[in-house]
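Visitor: Got start-v8.pdb for you, PDB, C-alpha atoms and all ligand atoms:
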```pdb
MODEL        1
ATOM      1  CA  MET A 183      68.040  63.734 -94.904  1.00  0.00           C
ATOM      2  CA  LYS A 184      66.495  61.385 -97.365  1.00  0.00           C
ATOM      3  CA  ILE A 185      65.675  61.260-101.061  1.00  0.00           C
ATOM      4  CA  VAL A 186      63.709  58.577-102.903  1.00  0.00           C
ATOM      5  CA  CYS A 187      64.648  57.359-106.401  1.00  0.00           C
ATOM      6  CA  LEU A 188      61.994  55.569-108.438  1.00  0.00           C
ATOM      7  CA  ASP A 189      62.196  53.609-111.656  1.00  0.00           C
ATOM      8  CA  MET A 190      59.465  54.699-114.074  1.00  0.00           C
ATOM      9  CA  GLU A 191      58.293  51.759-116.227  1.00  0.00           C
ATOM     10  CA  GLY A 192      56.895  48.961-114.099  1.00  0.00           C
ATOM     11  CA  VAL A 193      56.739  51.184-111.003  1.00  0.00           C
ATOM     12  CA  LEU A 194      54.752  54.239-112.128  1.00  0.00           C
ATOM     13  CA  THR A 195      53.811  53.490-115.743  1.00  0.00           C
ATOM     14  CA  PRO A 196      53.377  50.478-118.039  1.00  0.00           C
ATOM     15  CA  GLU A 197      56.267  49.402-120.289  1.00  0.00           C
ATOM     16  CA  ILE A 198      56.416  51.779-123.248  1.00  0.00           C
ATOM     17  CA  TRP A 199      57.987  49.432-125.824  1.00  0.00           C
ATOM     18  CA  ILE A 200      55.405  46.750-125.095  1.00  0.00           C
ATOM     19  CA  ARG A 201      52.584  49.212-125.761  1.00  0.00           C
ATOM     20  CA  VAL A 202      54.288  50.382-128.956  1.00  0.00           C
ATOM     21  CA  ALA A 203      54.654  46.732-130.044  1.00  0.00           C
ATOM     22  CA  GLU A 204      50.950  46.120-129.420  1.00  0.00           C
ATOM     23  CA  ARG A 205      49.783  49.236-131.228  1.00  0.00           C
ATOM     24  CA  THR A 206      52.068  48.881-134.242  1.00  0.00           C
ATOM     25  CA  GLY A 207      51.747  45.094-134.515  1.00  0.00           C
ATOM     26  CA  ILE A 208      55.561  44.751-134.569  1.00  0.00           C
ATOM     27  CA  ARG A 209      56.041  41.859-132.199  1.00  0.00           C
ATOM     28  CA  GLU A 210      59.818  42.106-132.190  1.00  0.00           C
ATOM     29  CA  LEU A 211      59.541  45.429-130.365  1.00  0.00           C
ATOM     30  CA  ARG A 212      58.523  43.449-127.290  1.00  0.00           C
ATOM     31  CA  LEU A 213      62.085  42.225-126.865  1.00  0.00           C
ATOM     32  CA  THR A 214      63.703  43.631-123.722  1.00  0.00           C
ATOM     33  CA  THR A 215      67.140  43.492-122.132  1.00  0.00           C
ATOM     34  CA  ARG A 216      66.020  40.172-120.724  1.00  0.00           C
ATOM     35  CA  ASP A 217      66.028  38.768-124.296  1.00  0.00           C
ATOM     36  CA  GLU A 218      68.938  40.817-125.654  1.00  0.00           C
ATOM     37  CA  PRO A 219      71.296  41.760-122.815  1.00  0.00           C
ATOM     38  CA  ASP A 220      73.358  44.095-125.037  1.00  0.00           C
ATOM     39  CA  TYR A 221      71.420  47.368-124.798  1.00  0.00           C
ATOM     40  CA  ASP A 222      73.071  48.935-127.832  1.00  0.00           C
ATOM     41  CA  GLN A 223      72.222  45.916-130.007  1.00  0.00           C
ATOM     42  CA  LEU A 224      68.662  45.983-128.738  1.00  0.00           C
ATOM     43  CA  MET A 225      68.223  49.693-129.513  1.00  0.00           C
ATOM     44  CA  ARG A 226      69.808  49.382-132.979  1.00  0.00           C
ATOM     45  CA  ARG A 227      67.354  46.594-133.736  1.00  0.00           C
ATOM     46  CA  ARG A 228      64.407  48.637-132.503  1.00  0.00           C
ATOM     47  CA  LEU A 229      65.394  51.725-134.468  1.00  0.00           C
ATOM     48  CA  SER A 230      65.953  49.814-137.697  1.00  0.00           C
ATOM     49  CA  LEU A 231      62.601  48.024-137.316  1.00  0.00           C
ATOM     50  CA  LEU A 232      60.796  51.329-136.789  1.00  0.00           C
ATOM     51  CA  ARG A 233      62.404  52.837-139.863  1.00  0.00           C
ATOM     52  CA  LYS A 234      61.666  49.765-142.006  1.00  0.00           C
ATOM     53  CA  ARG A 235      58.006  49.867-140.989  1.00  0.00           C
ATOM     54  CA  GLY A 236      57.675  53.612-141.505  1.00  0.00           C
ATOM     55  CA  ILE A 237      57.078  54.490-137.868  1.00  0.00           C
ATOM     56  CA  THR A 238      58.212  57.985-136.898  1.00  0.00           C
ATOM     57  CA  LEU A 239      58.866  59.450-133.468  1.00  0.00           C
ATOM     58  CA  ARG A 240      55.655  61.446-133.783  1.00  0.00           C
ATOM     59  CA  ARG A 241      53.655  58.253-134.320  1.00  0.00           C
ATOM     60  CA  ILE A 242      55.219  56.679-131.225  1.00  0.00           C
ATOM     61  CA  GLN A 243      54.510  59.802-129.217  1.00  0.00           C
ATOM     62  CA  GLY A 244      50.875  59.502-130.289  1.00  0.00           C
ATOM     63  CA  ILE A 245      50.773  55.962-128.911  1.00  0.00           C
ATOM     64  CA  ILE A 246      52.427  57.018-125.662  1.00  0.00           C
ATOM     65  CA  ALA A 247      50.026  59.943-125.291  1.00  0.00           C
ATOM     66  CA  SER A 248      47.196  57.397-125.049  1.00  0.00           C
ATOM     67  CA  MET A 249      48.901  55.568-122.160  1.00  0.00           C
ATOM     68  CA  ARG A 250      48.076  56.168-118.520  1.00  0.00           C
ATOM     69  CA  PRO A 251      50.151  55.734-115.378  1.00  0.00           C
ATOM     70  CA  LEU A 252      49.540  52.456-113.536  1.00  0.00           C
ATOM     71  CA  ALA A 253      46.386  52.435-111.405  1.00  0.00           C
ATOM     72  CA  GLY A 254      47.195  54.076-108.072  1.00  0.00           C
ATOM     73  CA  ALA A 255      50.555  55.475-109.215  1.00  0.00           C
ATOM     74  CA  GLY A 256      49.457  59.117-109.134  1.00  0.00           C
ATOM     75  CA  GLY A 257      48.157  58.938-105.567  1.00  0.00           C
ATOM     76  CA  PHE A 258      51.209  57.006-104.418  1.00  0.00           C
ATOM     77  CA  LEU A 259      53.603  59.515-105.970  1.00  0.00           C
ATOM     78  CA  SER A 260      51.882  62.574-104.565  1.00  0.00           C
ATOM     79  CA  ARG A 261      51.761  61.054-101.067  1.00  0.00           C
ATOM     80  CA  LEU A 262      55.457  60.210-101.325  1.00  0.00           C
ATOM     81  CA  ARG A 263      56.366  63.689-102.630  1.00  0.00           C
ATOM     82  CA  GLY A 264      54.507  65.182 -99.678  1.00  0.00           C
ATOM     83  CA  LYS A 265      57.032  63.512 -97.376  1.00  0.00           C
ATOM     84  CA  VAL A 266      60.414  63.417 -99.165  1.00  0.00           C
ATOM     85  CA  PRO A 267      62.072  64.710-102.335  1.00  0.00           C
ATOM     86  CA  VAL A 268      61.630  62.217-105.161  1.00  0.00           C
ATOM     87  CA  ALA A 269      63.572  61.709-108.412  1.00  0.00           C
ATOM     88  CA  VAL A 270      62.396  59.389-111.170  1.00  0.00           C
ATOM     89  CA  LEU A 271      65.400  57.601-112.708  1.00  0.00           C
ATOM     90  CA  SER A 272      64.667  55.900-116.009  1.00  0.00           C
ATOM     91  CA  ASP A 273      66.411  54.339-118.988  1.00  0.00           C
ATOM     92  CA  THR A 274      63.719  55.752-121.267  1.00  0.00           C
ATOM     93  CA  TYR A 275      63.936  59.012-123.267  1.00  0.00           C
ATOM     94  CA  TYR A 276      62.546  62.468-122.569  1.00  0.00           C
ATOM     95  CA  GLU A 277      60.863  62.394-125.994  1.00  0.00           C
ATOM     96  CA  PHE A 278      58.898  59.321-124.869  1.00  0.00           C
ATOM     97  CA  ALA A 279      58.313  60.064-121.200  1.00  0.00           C
ATOM     98  CA  MET A 280      56.895  63.578-121.090  1.00  0.00           C
ATOM     99  CA  PRO A 281      53.229  62.757-121.850  1.00  0.00           C
ATOM    100  CA  LEU A 282      53.304  60.291-118.946  1.00  0.00           C
ATOM    101  CA  MET A 283      55.145  62.731-116.667  1.00  0.00           C
ATOM    102  CA  LYS A 284      52.418  65.281-117.366  1.00  0.00           C
ATOM    103  CA  LYS A 285      49.832  62.811-116.068  1.00  0.00           C
ATOM    104  CA  LEU A 286      51.920  62.392-112.910  1.00  0.00           C
ATOM    105  CA  GLY A 287      52.296  66.131-112.238  1.00  0.00           C
ATOM    106  CA  TYR A 288      55.790  66.500-113.749  1.00  0.00           C
ATOM    107  CA  PRO A 289      58.022  64.874-111.127  1.00  0.00           C
ATOM    108  CA  VAL A 290      61.790  65.351-111.579  1.00  0.00           C
ATOM    109  CA  LEU A 291      62.941  62.883-114.235  1.00  0.00           C
ATOM    110  CA  PHE A 292      66.497  61.937-115.137  1.00  0.00           C
ATOM    111  CA  CYS A 293      66.652  59.848-118.316  1.00  0.00           C
ATOM    112  CA  ASN A 294      68.116  59.850-121.843  1.00  0.00           C
ATOM    113  CA  GLY A 295      67.489  61.488-125.201  1.00  0.00           C
ATOM    114  CA  LEU A 296      66.693  60.761-128.855  1.00  0.00           C
ATOM    115  CA  SER A 297      67.565  62.514-132.073  1.00  0.00           C
ATOM    116  CA  THR A 298      65.516  62.397-135.266  1.00  0.00           C
ATOM    117  CA  ASP A 299      66.334  62.805-138.932  1.00  0.00           C
ATOM    118  CA  ARG A 300      64.627  65.189-141.339  1.00  0.00           C
ATOM    119  CA  ARG A 301      61.918  62.656-142.117  1.00  0.00           C
ATOM    120  CA  GLY A 302      61.005  62.289-138.463  1.00  0.00           C
ATOM    121  CA  PHE A 303      62.492  58.848-137.879  1.00  0.00           C
ATOM    122  CA  ILE A 304      64.494  58.248-134.723  1.00  0.00           C
ATOM    123  CA  ALA A 305      68.087  58.453-135.926  1.00  0.00           C
ATOM    124  CA  ASP A 306      69.911  57.684-132.707  1.00  0.00           C
ATOM    125  CA  TYR A 307      69.686  57.498-128.937  1.00  0.00           C
ATOM    126  CA  HIS A 308      71.905  59.363-126.502  1.00  0.00           C
ATOM    127  CA  LEU A 309      72.677  58.071-123.026  1.00  0.00           C
ATOM    128  CA  ARG A 310      73.408  60.940-120.652  1.00  0.00           C
ATOM    129  CA  GLN A 311      76.043  58.728-119.033  1.00  0.00           C
ATOM    130  CA  PRO A 312      76.649  54.981-118.648  1.00  0.00           C
ATOM    131  CA  ASN A 313      74.862  53.406-115.644  1.00  0.00           C
ATOM    132  CA  GLY A 314      72.806  56.567-115.184  1.00  0.00           C
ATOM    133  CA  LYS A 315      70.540  55.231-112.428  1.00  0.00           C
ATOM    134  CA  ARG A 316      73.404  54.057-110.259  1.00  0.00           C
ATOM    135  CA  GLU A 317      75.417  57.224-110.887  1.00  0.00           C
ATOM    136  CA  ALA A 318      72.465  59.360-109.798  1.00  0.00           C
ATOM    137  CA  VAL A 319      72.164  57.426-106.525  1.00  0.00           C
ATOM    138  CA  LEU A 320      75.897  57.814-105.862  1.00  0.00           C
ATOM    139  CA  ALA A 321      75.687  61.547-106.647  1.00  0.00           C
ATOM    140  CA  PHE A 322      72.768  62.021-104.234  1.00  0.00           C
ATOM    141  CA  LYS A 323      74.832  60.270-101.563  1.00  0.00           C
ATOM    142  CA  ARG A 324      77.699  62.684-102.196  1.00  0.00           C
ATOM    143  CA  MET A 325      75.169  65.487-101.740  1.00  0.00           C
ATOM    144  CA  GLY A 326      74.523  64.230 -98.226  1.00  0.00           C
ATOM    145  CA  PHE A 327      71.293  62.316 -98.816  1.00  0.00           C
ATOM    146  CA  ARG A 328      70.346  58.899 -97.566  1.00  0.00           C
ATOM    147  CA  VAL A 329      68.851  57.178-100.613  1.00  0.00           C
ATOM    148  CA  ALA A 330      65.900  54.809-100.781  1.00  0.00           C
ATOM    149  CA  ALA A 331      65.197  53.398-104.251  1.00  0.00           C
ATOM    150  CA  ALA A 332      62.567  51.227-105.899  1.00  0.00           C
ATOM    151  CA  GLY A 333      62.561  49.371-109.219  1.00  0.00           C
ATOM    152  CA  ASP A 334      61.168  46.263-110.839  1.00  0.00           C
ATOM    153  CA  SER A 335      63.787  44.782-113.123  1.00  0.00           C
ATOM    154  CA  TYR A 336      67.383  43.890-113.974  1.00  0.00           C
ATOM    155  CA  ASN A 337      68.211  47.409-115.101  1.00  0.00           C
ATOM    156  CA  ASP A 338      67.416  48.612-111.569  1.00  0.00           C
ATOM    157  CA  LEU A 339      69.611  46.249-109.585  1.00  0.00           C
ATOM    158  CA  ALA A 340      72.745  48.425-109.638  1.00  0.00           C
ATOM    159  CA  MET A 341      70.635  51.383-108.458  1.00  0.00           C
ATOM    160  CA  LEU A 342      68.950  49.344-105.716  1.00  0.00           C
ATOM    161  CA  ARG A 343      72.263  47.979-104.495  1.00  0.00           C
ATOM    162  CA  ALA A 344      73.935  51.399-104.489  1.00  0.00           C
ATOM    163  CA  ALA A 345      71.073  52.848-102.410  1.00  0.00           C
ATOM    164  CA  ASP A 346      70.950  52.728 -98.607  1.00  0.00           C
ATOM    165  CA  ARG A 347      67.646  50.932 -99.000  1.00  0.00           C
ATOM    166  CA  GLY A 348      66.599  49.116-102.161  1.00  0.00           C
ATOM    167  CA  VAL A 349      63.079  47.828-102.727  1.00  0.00           C
ATOM    168  CA  LEU A 350      61.793  45.637-105.552  1.00  0.00           C
ATOM    169  CA  PHE A 351      58.288  46.547-106.683  1.00  0.00           C
ATOM    170  CA  ASN A 352      56.294  43.834-108.349  1.00  0.00           C
ATOM    171  CA  PRO A 353      59.336  42.103-109.898  1.00  0.00           C
ATOM    172  CA  PRO A 354      59.175  39.022-112.129  1.00  0.00           C
ATOM    173  CA  PRO A 355      59.445  35.945-109.858  1.00  0.00           C
ATOM    174  CA  LYS A 356      62.900  35.097-111.217  1.00  0.00           C
ATOM    175  CA  ILE A 357      64.349  38.446-110.099  1.00  0.00           C
ATOM    176  CA  ALA A 358      62.682  38.268-106.693  1.00  0.00           C
ATOM    177  CA  GLU A 359      64.300  34.877-106.220  1.00  0.00           C
ATOM    178  CA  GLU A 360      67.744  36.035-107.339  1.00  0.00           C
ATOM    179  CA  CYS A 361      67.660  39.100-105.073  1.00  0.00           C
ATOM    180  CA  ARG A 362      66.516  37.847-101.725  1.00  0.00           C
ATOM    181  CA  SER A 363      68.606  40.477 -99.944  1.00  0.00           C
ATOM    182  CA  LEU A 364      66.290  43.205-101.312  1.00  0.00           C
ATOM    183  CA  ARG A 365      62.877  43.968 -99.858  1.00  0.00           C
ATOM    184  CA  THR A 366      59.996  43.150-102.180  1.00  0.00           C
ATOM    185  CA  THR A 367      56.463  44.506-102.254  1.00  0.00           C
ATOM    186  CA  ASP A 368      53.629  44.427-104.767  1.00  0.00           C
ATOM    187  CA  SER A 369      51.352  47.210-103.527  1.00  0.00           C
ATOM    188  CA  TYR A 370      51.670  51.006-103.365  1.00  0.00           C
ATOM    189  CA  PRO A 371      50.826  51.171 -99.639  1.00  0.00           C
ATOM    190  CA  GLY A 372      53.543  48.552 -99.059  1.00  0.00           C
ATOM    191  CA  LEU A 373      56.020  50.467-101.210  1.00  0.00           C
ATOM    192  CA  LEU A 374      55.263  53.747 -99.450  1.00  0.00           C
ATOM    193  CA  LYS A 375      55.922  52.097 -96.104  1.00  0.00           C
ATOM    194  CA  GLU A 376      59.200  50.530 -97.244  1.00  0.00           C
ATOM    195  CA  LEU A 377      60.509  53.760 -98.798  1.00  0.00           C
ATOM    196  CA  LEU A 378      59.646  55.949 -95.805  1.00  0.00           C
ATOM    197  CA  ARG A 379      60.975  53.525 -93.203  1.00  0.00           C
TER     198      ARG A 379
HETATM  199 MG    MG A 401      61.220  49.158-114.823  1.00  0.00          MG
ENDMDL
END
```
Once more with this new file: its structure as structure tokens, please.
Guide:
Amino acid sequence: MKIVCLDMEGVLTPEIWIRVAERTGIRELRLTTRDEPDYDQLMRRRLSLLRKRGITLRRIQGIIASMRPLAGAGGFLSRLRGKVPVAVLSDTYYEFAMPLMKKLGYPVLFCNGLSTDRRGFIADYHLRQPNGKREAVLAFKRMGFRVAAAGDSYNDLAMLRAADRGVLFNPPPKIAEECRSLRTTDSYPGLLKELLR
């Protein structure tokens, strides 16, 4: 029996922080774990920038509500869910992701959480567990599933390597080159084929 695990940003939706950076004009919010490998440092920087510029969680949610899934993502996901159980595994936060999940028909999503202060600023972030994507894959394996997984970036590699079958979707060229042992595809029909193989 098989289950498929999908990364969210870059596979089903655009990158949330990049959109927030564009809409707020705060260029530093574009920084990713590729620029700052220490995730905690990166998040502290983001949260302090948001507070300094007066940007509340509600404002960010307004920006995210205007985003759409990637073209073709909805059709891909519903075709996939017609064949196998699917879990979306993301490093994002429920408070950010839900408007996008709604547009994808509310697939199962395992991610992290945020807390806010009384003024509505994001006060802190809460990881459900360290290495959540990889841990989910290992847990599904313990539940007797064979796991196929797809992601696009560095934060997916542990998940892809823990899976029985890992597929890179539309990765930056540098990652594709570093991970030649993983299958790579850049189209939804190609991804569907690889994940159902
Ligand atoms: Mg991604």
Visitor: Neighbours of ligand MG 401 (chain A) within 9 Å, counting all atoms listed in the file, as an mmCIF file with C-alpha atoms, keeping the file's coordinate frame?
Guide:
```cif
data_model
loop_
_atom_site.group_PDB
_atom_site.id
_atom_site.type_symbol
_atom_site.label_atom_id
_atom_site.label_comp_id
_atom_site.auth_asym_id
_atom_site.auth_seq_id
_atom_site.Cartn_x
_atom_site.Cartn_y
_atom_site.Cartn_z
ATOM 1 C CA ASP A 189 62.196 53.609 -111.656
ATOM 2 C CA MET A 190 59.465 54.699 -114.074
ATOM 3 C CA GLU A 191 58.293 51.759 -116.227
ATOM 4 C CA GLY A 192 56.895 48.961 -114.099
ATOM 5 C CA VAL A 193 56.739 51.184 -111.003
ATOM 6 C CA LEU A 194 54.752 54.239 -112.128
ATOM 7 C CA THR A 195 53.811 53.490 -115.743
ATOM 8 C CA PRO A 196 53.377 50.478 -118.039
ATOM 9 C CA GLU A 197 56.267 49.402 -120.289
ATOM 10 C CA SER A 272 64.667 55.900 -116.009
ATOM 11 C CA ASP A 273 66.411 54.339 -118.988
ATOM 12 C CA GLY A 333 62.561 49.371 -109.219
ATOM 13 C CA ASP A 334 61.168 46.263 -110.839
ATOM 14 C CA SER A 335 63.787 44.782 -113.123
ATOM 15 C CA TYR A 336 67.383 43.890 -113.974
ATOM 16 C CA ASN A 337 68.211 47.409 -115.101
ATOM 17 C CA ASP A 338 67.416 48.612 -111.569
ATOM 18 C CA PRO A 353 59.336 42.103 -109.898
#
```
Visitor: Go through A:Ala305, A:Val349, A:Leu378, A:Leu239 and flag the residue nearest Thr366 in chain A, using all atoms listed in the file for the distances.
Guide: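 Under the stated criterion, the closest residue is A:Val349.
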Visitor: Per residue of range 258-349 of chain A within 12 Å of range 245-248 of chain A, what are the shortest atom pair and its distance in Å to one decimal, counting only C-alpha atoms, with rows by chain and residue number, as a tab-separated table?
Guide:
```
residue	atom	partner	partner_atom	distance
A:Tyr275	CA	A:Ile246	CA	11.9
A:Tyr276	CA	A:Ile246	CA	11.9
A:Glu277	CA	A:Ile246	CA	10.0
A:Phe278	CA	A:Ile246	CA	6.9
A:Ala279	CA	A:Ile246	CA	8.0
A:Met280	CA	A:Ala247	CA	8.8
A:Pro281	CA	A:Ala247	CA	5.5
A:Leu282	CA	A:Ala247	CA	7.2
A:Met283	CA	A:Ala247	CA	10.4
A:Lys284	CA	A:Ala247	CA	9.8
A:Lys285	CA	A:Ala247	CA	9.7
```
Visitor: With distances taken over only C-alpha atoms, which of A:Arg328, A:Arg228, A:Arg310, A:Arg201 is nearest to Arg250 in chain A?
Guide: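 Going through A:Arg328, A:Arg228, A:Arg310, A:Arg201 one by one, the smallest distance to Arg250 in chain A is for A:Arg201.
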Visitor: Give as JSON, numbers by chain the residues that the PyMOL selection byres (((chain A and resi 202) around 8) and not hetatm) matches when applied to the coordinates above.
Guide: {"A": [198, 199, 200, 201, 203, 204, 205, 206, 211, 242, 245, 246]}
Visitor: Would you put the residues from that selection into a file with C-alpha atoms, as a PDB file, keeping the file's coordinate frame?
Guide:
```pdb
ATOM      1  CA  ILE A 198      56.416  51.779-123.248  1.00  0.00           C
ATOM      2  CA  TRP A 199      57.987  49.432-125.824  1.00  0.00           C
ATOM      3  CA  ILE A 200      55.405  46.750-125.095  1.00  0.00           C
ATOM      4  CA  ARG A 201      52.584  49.212-125.761  1.00  0.00           C
ATOM      5  CA  ALA A 203      54.654  46.732-130.044  1.00  0.00           C
ATOM      6  CA  GLU A 204      50.950  46.120-129.420  1.00  0.00           C
ATOM      7  CA  ARG A 205      49.783  49.236-131.228  1.00  0.00           C
ATOM      8  CA  THR A 206      52.068  48.881-134.242  1.00  0.00           C
ATOM      9  CA  LEU A 211      59.541  45.429-130.365  1.00  0.00           C
ATOM     10  CA  ILE A 242      55.219  56.679-131.225  1.00  0.00           C
ATOM     11  CA  ILE A 245      50.773  55.962-128.911  1.00  0.00           C
ATOM     12  CA  ILE A 246      52.427  57.018-125.662  1.00  0.00           C
TER      13      ILE A 246
END
```
Visitor: Taking the file as shown, find all residues satisfying the PyMOL selection byres (((chain A and resi 343) around 12) and not hetatm) and write them as number ranges by chain.
Guide: A: 315-317, 319-320, 329-333, 336-342, 344-350, 361-365
Visitor: In Å, rounded to a single decimal, give me how far CA of Tyr370 in chain A is from CA of Tyr221 in chain A.
Guide: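 These atoms are spaced 29.4 Å apart.
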Visitor: Hey, which of A:Asp306, A:Arg209, A:Thr367, A:Leu232 ends up closest to Pro354 in chain A? Count only C-alpha atoms.
Guide: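 When distances to Pro354 in chain A are compared using only C-alpha atoms, the smallest one comes from A:Thr367.
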Visitor: Using CA of Gly257 in chain A and CA of Gly314 in chain A as the two end points, give the distance in Å to one decimal.
Guide: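 Spanning CA of Gly257 in chain A to CA of Gly314 in chain A is a straight-line distance of 26.6 Å.
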Visitor: Determine the nearest neighbour of Gly254 in chain A from the options A:Leu271, A:Tyr288, A:Arg379, A:Leu373, counting only C-alpha atoms.
Guide: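 Result for the nearest residue to Gly254 in chain A: A:Leu373.
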Visitor: In Å to one decimal, how far is CA of Val186 in chain A from CA of Phe327 in chain A?
Guide: 9.4 Å
Visitor: Would it be fine to have range 205-213 of chain A, with all heavy atoms, given as a PDB file, in the first residue's frame?
Guide:
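Written file, result37.pdb:
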```pdb
ATOM      1  N   ARG A 205       4.597  42.164  -2.042  1.00  0.00           N
ATOM      2  CA  ARG A 205       3.442  42.990  -1.711  1.00  0.00           C
ATOM      3  C   ARG A 205       3.735  44.035  -0.646  1.00  0.00           C
ATOM      4  O   ARG A 205       3.102  45.081  -0.618  1.00  0.00           O
ATOM      5  CB  ARG A 205       2.274  42.110  -1.246  1.00  0.00           C
ATOM      6  CG  ARG A 205       1.658  41.314  -2.349  1.00  0.00           C
ATOM      7  CD  ARG A 205       0.966  42.238  -3.365  1.00  0.00           C
ATOM      8  NE  ARG A 205       0.360  41.459  -4.425  1.00  0.00           N
ATOM      9  CZ  ARG A 205      -0.825  40.879  -4.340  1.00  0.00           C
ATOM     10  NH1 ARG A 205      -1.547  41.008  -3.253  1.00  0.00           N
ATOM     11  NH2 ARG A 205      -1.290  40.179  -5.339  1.00  0.00           N
ATOM     12  N   THR A 206       4.675  43.725   0.259  1.00  0.00           N
ATOM     13  CA  THR A 206       4.973  44.684   1.324  1.00  0.00           C
ATOM     14  C   THR A 206       6.125  45.597   0.947  1.00  0.00           C
ATOM     15  O   THR A 206       6.372  46.594   1.614  1.00  0.00           O
ATOM     16  CB  THR A 206       5.367  43.963   2.635  1.00  0.00           C
ATOM     17  OG1 THR A 206       6.504  43.130   2.364  1.00  0.00           O
ATOM     18  CG2 THR A 206       4.229  43.121   3.173  1.00  0.00           C
ATOM     19  N   GLY A 207       6.870  45.236  -0.111  1.00  0.00           N
ATOM     20  CA  GLY A 207       8.049  46.010  -0.493  1.00  0.00           C
ATOM     21  C   GLY A 207       9.246  45.784   0.429  1.00  0.00           C
ATOM     22  O   GLY A 207      10.218  46.532   0.359  1.00  0.00           O
ATOM     23  N   ILE A 208       9.176  44.768   1.294  1.00  0.00           N
ATOM     24  CA  ILE A 208      10.320  44.476   2.181  1.00  0.00           C
ATOM     25  C   ILE A 208      11.186  43.408   1.515  1.00  0.00           C
ATOM     26  O   ILE A 208      10.914  42.215   1.602  1.00  0.00           O
ATOM     27  CB  ILE A 208       9.836  43.980   3.573  1.00  0.00           C
ATOM     28  CG1 ILE A 208       8.862  44.981   4.179  1.00  0.00           C
ATOM     29  CG2 ILE A 208      11.034  43.771   4.499  1.00  0.00           C
ATOM     30  CD1 ILE A 208       8.236  44.512   5.487  1.00  0.00           C
ATOM     31  N   ARG A 209      12.232  43.875   0.860  1.00  0.00           N
ATOM     32  CA  ARG A 209      13.009  42.944   0.027  1.00  0.00           C
ATOM     33  C   ARG A 209      13.683  41.856   0.840  1.00  0.00           C
ATOM     34  O   ARG A 209      13.874  40.737   0.367  1.00  0.00           O
ATOM     35  CB  ARG A 209      14.021  43.715  -0.813  1.00  0.00           C
ATOM     36  CG  ARG A 209      13.333  44.505  -1.914  1.00  0.00           C
ATOM     37  CD  ARG A 209      14.312  45.266  -2.777  1.00  0.00           C
ATOM     38  NE  ARG A 209      15.377  44.395  -3.270  1.00  0.00           N
ATOM     39  CZ  ARG A 209      16.541  44.852  -3.714  1.00  0.00           C
ATOM     40  NH1 ARG A 209      16.776  46.138  -3.703  1.00  0.00           N
ATOM     41  NH2 ARG A 209      17.452  44.028  -4.154  1.00  0.00           N
ATOM     42  N   GLU A 210      14.053  42.216   2.073  1.00  0.00           N
ATOM     43  CA  GLU A 210      14.756  41.224   2.910  1.00  0.00           C
ATOM     44  C   GLU A 210      13.915  39.984   3.198  1.00  0.00           C
ATOM     45  O   GLU A 210      14.459  38.943   3.547  1.00  0.00           O
ATOM     46  CB  GLU A 210      15.132  41.860   4.246  1.00  0.00           C
ATOM     47  CG  GLU A 210      16.508  42.481   4.255  1.00  0.00           C
ATOM     48  CD  GLU A 210      16.813  43.016   5.646  1.00  0.00           C
ATOM     49  OE1 GLU A 210      16.290  44.100   5.957  1.00  0.00           O
ATOM     50  OE2 GLU A 210      17.533  42.342   6.392  1.00  0.00           O
ATOM     51  N   LEU A 211      12.599  40.111   3.053  1.00  0.00           N
ATOM     52  CA  LEU A 211      11.745  38.935   3.297  1.00  0.00           C
ATOM     53  C   LEU A 211      11.910  37.870   2.218  1.00  0.00           C
ATOM     54  O   LEU A 211      11.407  36.768   2.341  1.00  0.00           O
ATOM     55  CB  LEU A 211      10.270  39.347   3.401  1.00  0.00           C
ATOM     56  CG  LEU A 211       9.878  40.145   4.636  1.00  0.00           C
ATOM     57  CD1 LEU A 211       8.416  40.533   4.571  1.00  0.00           C
ATOM     58  CD2 LEU A 211      10.140  39.335   5.904  1.00  0.00           C
ATOM     59  N   ARG A 212      12.608  38.211   1.156  1.00  0.00           N
ATOM     60  CA  ARG A 212      12.867  37.220   0.101  1.00  0.00           C
ATOM     61  C   ARG A 212      13.912  36.199   0.506  1.00  0.00           C
ATOM     62  O   ARG A 212      14.057  35.179  -0.153  1.00  0.00           O
ATOM     63  CB  ARG A 212      13.343  37.910  -1.181  1.00  0.00           C
ATOM     64  CG  ARG A 212      12.317  38.784  -1.827  1.00  0.00           C
ATOM     65  CD  ARG A 212      12.861  39.310  -3.133  1.00  0.00           C
ATOM     66  NE  ARG A 212      12.945  38.243  -4.110  1.00  0.00           N
ATOM     67  CZ  ARG A 212      12.043  38.072  -5.070  1.00  0.00           C
ATOM     68  NH1 ARG A 212      11.049  38.901  -5.208  1.00  0.00           N
ATOM     69  NH2 ARG A 212      12.169  37.079  -5.914  1.00  0.00           N
ATOM     70  N   LEU A 213      14.696  36.528   1.533  1.00  0.00           N
ATOM     71  CA  LEU A 213      15.753  35.603   1.949  1.00  0.00           C
ATOM     72  C   LEU A 213      15.141  34.243   2.299  1.00  0.00           C
ATOM     73  O   LEU A 213      14.085  34.174   2.912  1.00  0.00           O
ATOM     74  CB  LEU A 213      16.495  36.146   3.166  1.00  0.00           C
ATOM     75  CG  LEU A 213      17.300  37.433   2.973  1.00  0.00           C
ATOM     76  CD1 LEU A 213      18.009  37.791   4.266  1.00  0.00           C
ATOM     77  CD2 LEU A 213      18.298  37.285   1.844  1.00  0.00           C
TER      78      LEU A 213
END
```
